[in-house]
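Reading through the C-alpha cells given below for one structure.
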Amino acid sequence: MSNPKPPKRRASTAGDASPVVDWTALPDGALLLVDSAPLIYHLEDNARLAHRFAGLFEAAAAGHVSIAITTITLAEVLTGPYEHGRDALAKQMEAAMFEHALYPLSASIAIDAARLRQRYRLRLPDAIQLATALQINAFALVTHDRDFSRVQDIRILM
C-alpha cells in the first residue's frame, strides 16, 4: 500500500492542546472506517471531545469522504443509551449510523482479526475494527483509542 502523507494536524481551538486532524486535507472520496468513540462523541455532542471529529462528519455530509462502520461500532454506540433506559435516543443514534456503510463480521474478517490481535496486542473489538478497515481498503481508521498507535498496516487518524 502506498502511504501518502497523512492529513495535516492543527492545534485544537477548544482548549484541548492535542492536535486535531485537518479533515479537509483528506483526498476526495476517501473511505474512512470510524471507530465507536468518534461516533459517540459526535452523536452525543460531547462538549469536550466532539470538536475533534466535527470536521469529519461535516466532510461526510458534504460528500467529500465516505464513512464506514462495523456492527461492532453499532453495538458499542447503542449500549450506552440502552444501558440508561434511553431507548428513543438509541433509535435516533441507530438511524444516524444507518446513513453510513455498515460492515458485518465475516469469517475472513474474524480470521484476520485473530492475526492482528496477536500482532498488535489489541482487544478483540479493536482487532475486528482494524481487520474490517483493511478488508474494505479504507483510506484510514478514525479512532480516539491510543491502542491503535502501534498499527502500521493503515493510517490511523485520531
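Letters A, B, ... go to the chains of the C-alpha cells in the order shown; residues in each chain start at 1; ligands are counted from 1 in the same order.
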Surrounding residues of A:Leu32 excluding itself and chain neighbours under 6 positions, 7 Å, only C-alpha atoms, as an mmCIF file with N, CA and C atoms, in the first residue's frame:
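Now in around-v9.cif:
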data_model
loop_
_atom_site.group_PDB
_atom_site.id
_atom_site.type_symbol
_atom_site.label_atom_id
_atom_site.label_comp_id
_atom_site.auth_asym_id
_atom_site.auth_seq_id
_atom_site.Cartn_x
_atom_site.Cartn_y
_atom_site.Cartn_z
ATOM 1 N N SER A 66 -16.382 9.277 2.626
ATOM 2 C CA SER A 66 -17.413 8.293 2.973
ATOM 3 C C SER A 66 -17.032 7.646 4.298
ATOM 4 N N ILE A 67 -18.035 7.446 5.126
ATOM 5 C CA ILE A 67 -17.830 6.821 6.427
ATOM 6 C C ILE A 67 -18.352 5.395 6.387
ATOM 7 N N ALA A 68 -17.547 4.487 6.919
ATOM 8 C CA ALA A 68 -17.954 3.096 7.094
ATOM 9 C C ALA A 68 -17.894 2.789 8.582
ATOM 10 N N ALA A 138 -10.014 0.741 3.337
ATOM 11 C CA ALA A 138 -10.258 2.095 3.839
ATOM 12 C C ALA A 138 -8.982 2.921 3.726
ATOM 13 N N PHE A 139 -9.148 4.206 3.475
ATOM 14 C CA PHE A 139 -8.011 5.125 3.441
ATOM 15 C C PHE A 139 -7.382 5.221 4.827
ATOM 16 N N ALA A 140 -8.236 5.181 5.866
ATOM 17 C CA ALA A 140 -7.752 5.302 7.239
ATOM 18 C C ALA A 140 -8.792 4.753 8.196
ATOM 19 N N LEU A 141 -8.335 4.484 9.412
ATOM 20 C CA LEU A 141 -9.209 4.127 10.514
ATOM 21 C C LEU A 141 -9.214 5.333 11.453
ATOM 22 N N VAL A 142 -10.394 5.844 11.744
ATOM 23 C CA VAL A 142 -10.544 7.019 12.610
ATOM 24 C C VAL A 142 -10.946 6.535 13.997
#
TODO: Can you pull out every residue within 10 Å of A:Phe148, counting only C-alpha atoms, but drop anything in the same chain fewer than 4 positions away, and send it as a list in words?
DONE: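 Here the answer would be Tyr120, Arg121, Leu122, Asp126, Ala127, Leu130, Leu141, Val142, Thr143, His144, Gln152, Arg155, Ile156, Leu157 and Met158 of chain A.
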Export of the given selection (all heavy atoms) as a compact mmCIF listing (two decimals), in the first residue's frame:
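Writing the result to out-v7.txt gives the following:
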# COMPACT_ATOMS: atom_id res chain seq x y z
N TYR A 120 -0.61 -6.99 17.21
CA TYR A 120 -0.59 -5.67 17.84
C TYR A 120 -1.06 -5.67 19.29
O TYR A 120 -1.15 -4.61 19.91
CB TYR A 120 -1.43 -4.69 17.02
CG TYR A 120 -0.84 -4.39 15.68
CD1 TYR A 120 -1.50 -4.74 14.50
CD2 TYR A 120 0.38 -3.75 15.56
CE1 TYR A 120 -0.96 -4.46 13.27
CE2 TYR A 120 0.94 -3.47 14.32
CZ TYR A 120 0.26 -3.83 13.18
OH TYR A 120 0.80 -3.54 11.95
N ARG A 121 -1.42 -6.84 19.82
CA ARG A 121 -1.91 -6.94 21.20
C ARG A 121 -3.14 -6.05 21.42
O ARG A 121 -3.24 -5.30 22.39
CB ARG A 121 -0.82 -6.60 22.21
CG ARG A 121 0.39 -7.47 22.13
CD ARG A 121 0.04 -8.86 22.62
NE ARG A 121 1.21 -9.74 22.55
CZ ARG A 121 1.17 -10.96 22.07
NH1 ARG A 121 0.05 -11.46 21.61
NH2 ARG A 121 2.24 -11.71 22.04
N LEU A 122 -4.08 -6.16 20.48
CA LEU A 122 -5.32 -5.38 20.55
C LEU A 122 -6.40 -6.18 21.25
O LEU A 122 -6.38 -7.41 21.25
CB LEU A 122 -5.80 -5.02 19.14
CG LEU A 122 -4.92 -4.12 18.31
CD1 LEU A 122 -5.40 -4.10 16.85
CD2 LEU A 122 -4.91 -2.71 18.88
N ASP A 126 -11.24 -4.13 18.85
CA ASP A 126 -10.33 -3.26 18.09
C ASP A 126 -9.70 -4.02 16.92
O ASP A 126 -9.53 -3.47 15.82
CB ASP A 126 -9.23 -2.70 19.00
CG ASP A 126 -9.78 -1.72 20.02
OD1 ASP A 126 -10.89 -1.18 19.82
OD2 ASP A 126 -9.09 -1.49 21.03
N ALA A 127 -9.35 -5.27 17.14
CA ALA A 127 -8.79 -6.08 16.06
C ALA A 127 -9.81 -6.28 14.94
O ALA A 127 -9.45 -6.27 13.75
CB ALA A 127 -8.31 -7.42 16.60
N LEU A 130 -9.91 -3.04 12.94
CA LEU A 130 -8.74 -2.95 12.08
C LEU A 130 -8.85 -3.91 10.89
O LEU A 130 -8.60 -3.52 9.74
CB LEU A 130 -7.47 -3.23 12.89
CG LEU A 130 -6.15 -3.26 12.11
CD1 LEU A 130 -5.91 -1.95 11.38
CD2 LEU A 130 -5.00 -3.58 13.06
N LEU A 141 -8.33 4.48 9.41
CA LEU A 141 -9.21 4.13 10.51
C LEU A 141 -9.21 5.33 11.45
O LEU A 141 -8.16 5.80 11.86
CB LEU A 141 -8.68 2.89 11.23
CG LEU A 141 -9.60 2.24 12.26
CD1 LEU A 141 -9.25 0.77 12.42
CD2 LEU A 141 -9.57 2.91 13.60
N VAL A 142 -10.39 5.84 11.74
CA VAL A 142 -10.54 7.02 12.61
C VAL A 142 -10.95 6.54 14.00
O VAL A 142 -11.94 5.82 14.15
CB VAL A 142 -11.62 7.98 12.05
CG1 VAL A 142 -11.80 9.18 12.97
CG2 VAL A 142 -11.27 8.42 10.64
N THR A 143 -10.17 6.94 14.99
CA THR A 143 -10.40 6.46 16.35
C THR A 143 -9.96 7.50 17.36
O THR A 143 -9.34 8.50 17.00
CB THR A 143 -9.63 5.13 16.58
OG1 THR A 143 -9.99 4.61 17.86
CG2 THR A 143 -8.13 5.33 16.48
N HIS A 144 -10.27 7.26 18.61
CA HIS A 144 -9.74 8.06 19.71
C HIS A 144 -9.13 7.10 20.73
O HIS A 144 -9.09 7.36 21.92
CB HIS A 144 -10.84 8.92 20.34
CG HIS A 144 -10.31 10.01 21.20
ND1 HIS A 144 -10.63 10.12 22.53
CD2 HIS A 144 -9.46 11.02 20.94
CE1 HIS A 144 -10.01 11.17 23.05
NE2 HIS A 144 -9.28 11.72 22.10
N GLN A 152 0.61 -0.36 11.92
CA GLN A 152 1.34 0.17 10.76
C GLN A 152 0.71 -0.24 9.44
O GLN A 152 1.16 0.20 8.39
CB GLN A 152 2.78 -0.32 10.80
CG GLN A 152 3.52 0.18 12.02
CD GLN A 152 4.93 -0.39 12.13
OE1 GLN A 152 5.36 -1.16 11.28
NE2 GLN A 152 5.61 -0.03 13.18
N ARG A 155 -3.38 3.91 7.82
CA ARG A 155 -3.31 5.21 8.51
C ARG A 155 -4.30 5.19 9.68
O ARG A 155 -5.43 4.73 9.53
CB ARG A 155 -3.72 6.35 7.57
CG ARG A 155 -2.76 6.60 6.46
CD ARG A 155 -3.45 7.50 5.40
NE ARG A 155 -2.80 7.35 4.11
CZ ARG A 155 -3.06 6.37 3.25
NH1 ARG A 155 -3.97 5.46 3.50
NH2 ARG A 155 -2.41 6.31 2.12
N ILE A 156 -3.86 5.70 10.80
CA ILE A 156 -4.70 5.83 11.99
C ILE A 156 -4.85 7.32 12.24
O ILE A 156 -3.88 8.03 12.45
CB ILE A 156 -4.09 5.13 13.22
CG1 ILE A 156 -3.82 3.65 12.93
CG2 ILE A 156 -4.98 5.32 14.44
CD1 ILE A 156 -5.06 2.80 12.65
N LEU A 157 -6.08 7.81 12.19
CA LEU A 157 -6.36 9.23 12.42
C LEU A 157 -7.07 9.37 13.77
O LEU A 157 -8.10 8.75 14.00
CB LEU A 157 -7.23 9.80 11.30
CG LEU A 157 -6.65 9.68 9.89
CD1 LEU A 157 -7.64 10.25 8.88
CD2 LEU A 157 -5.30 10.35 9.78
N MET A 158 -6.46 10.17 14.63
CA MET A 158 -7.01 10.37 15.99
C MET A 158 -7.39 11.82 16.20
O MET A 158 -6.72 12.70 15.82
CB MET A 158 -5.98 9.96 17.04
CG MET A 158 -5.73 8.51 17.07
SD MET A 158 -4.73 8.10 18.52
CE MET A 158 -4.14 6.52 18.08
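DSSP, applied to the backbone of this structure, assigns strand (DSSP E or B) to the following residues of chain A: A:Arg9, A:Arg10, A:Ala11, A:Pro19, A:Val20, A:Val21, A:Ala30, A:Leu31, A:Leu32, A:Leu33, A:Val34, A:Val65, A:Ser66, A:Ile67, A:Ala68, A:Ile69, A:Thr70, A:Ala101, A:Leu102, A:Tyr103, A:Ala140, A:Leu141, A:Val142, A:Arg155, A:Ile156, A:Leu157.
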Task: Backbone DSSP call of helix (DSSP H, G or I) for stretch 4-94 of chain A, listed as a count of residues only - done: 43
Task: Interatomic distance, atom CA of A:Ala50 to atom CA of A:Arg123 (Å, one decimal) - done: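 Computed distance, atom CA of A:Ala50 to atom CA of A:Arg123, equals 24.0 Å.
Closest approach to A:Leu56 from the set A:Ile72, A:Ile154, A:Val21, A:Leu78 is made by A:Val21, with distances taken over only C-alpha atoms.
Computed from the coordinates, the atom CA of A:Thr24 to atom CA of A:Ala59 distance equals 7.0 Å.
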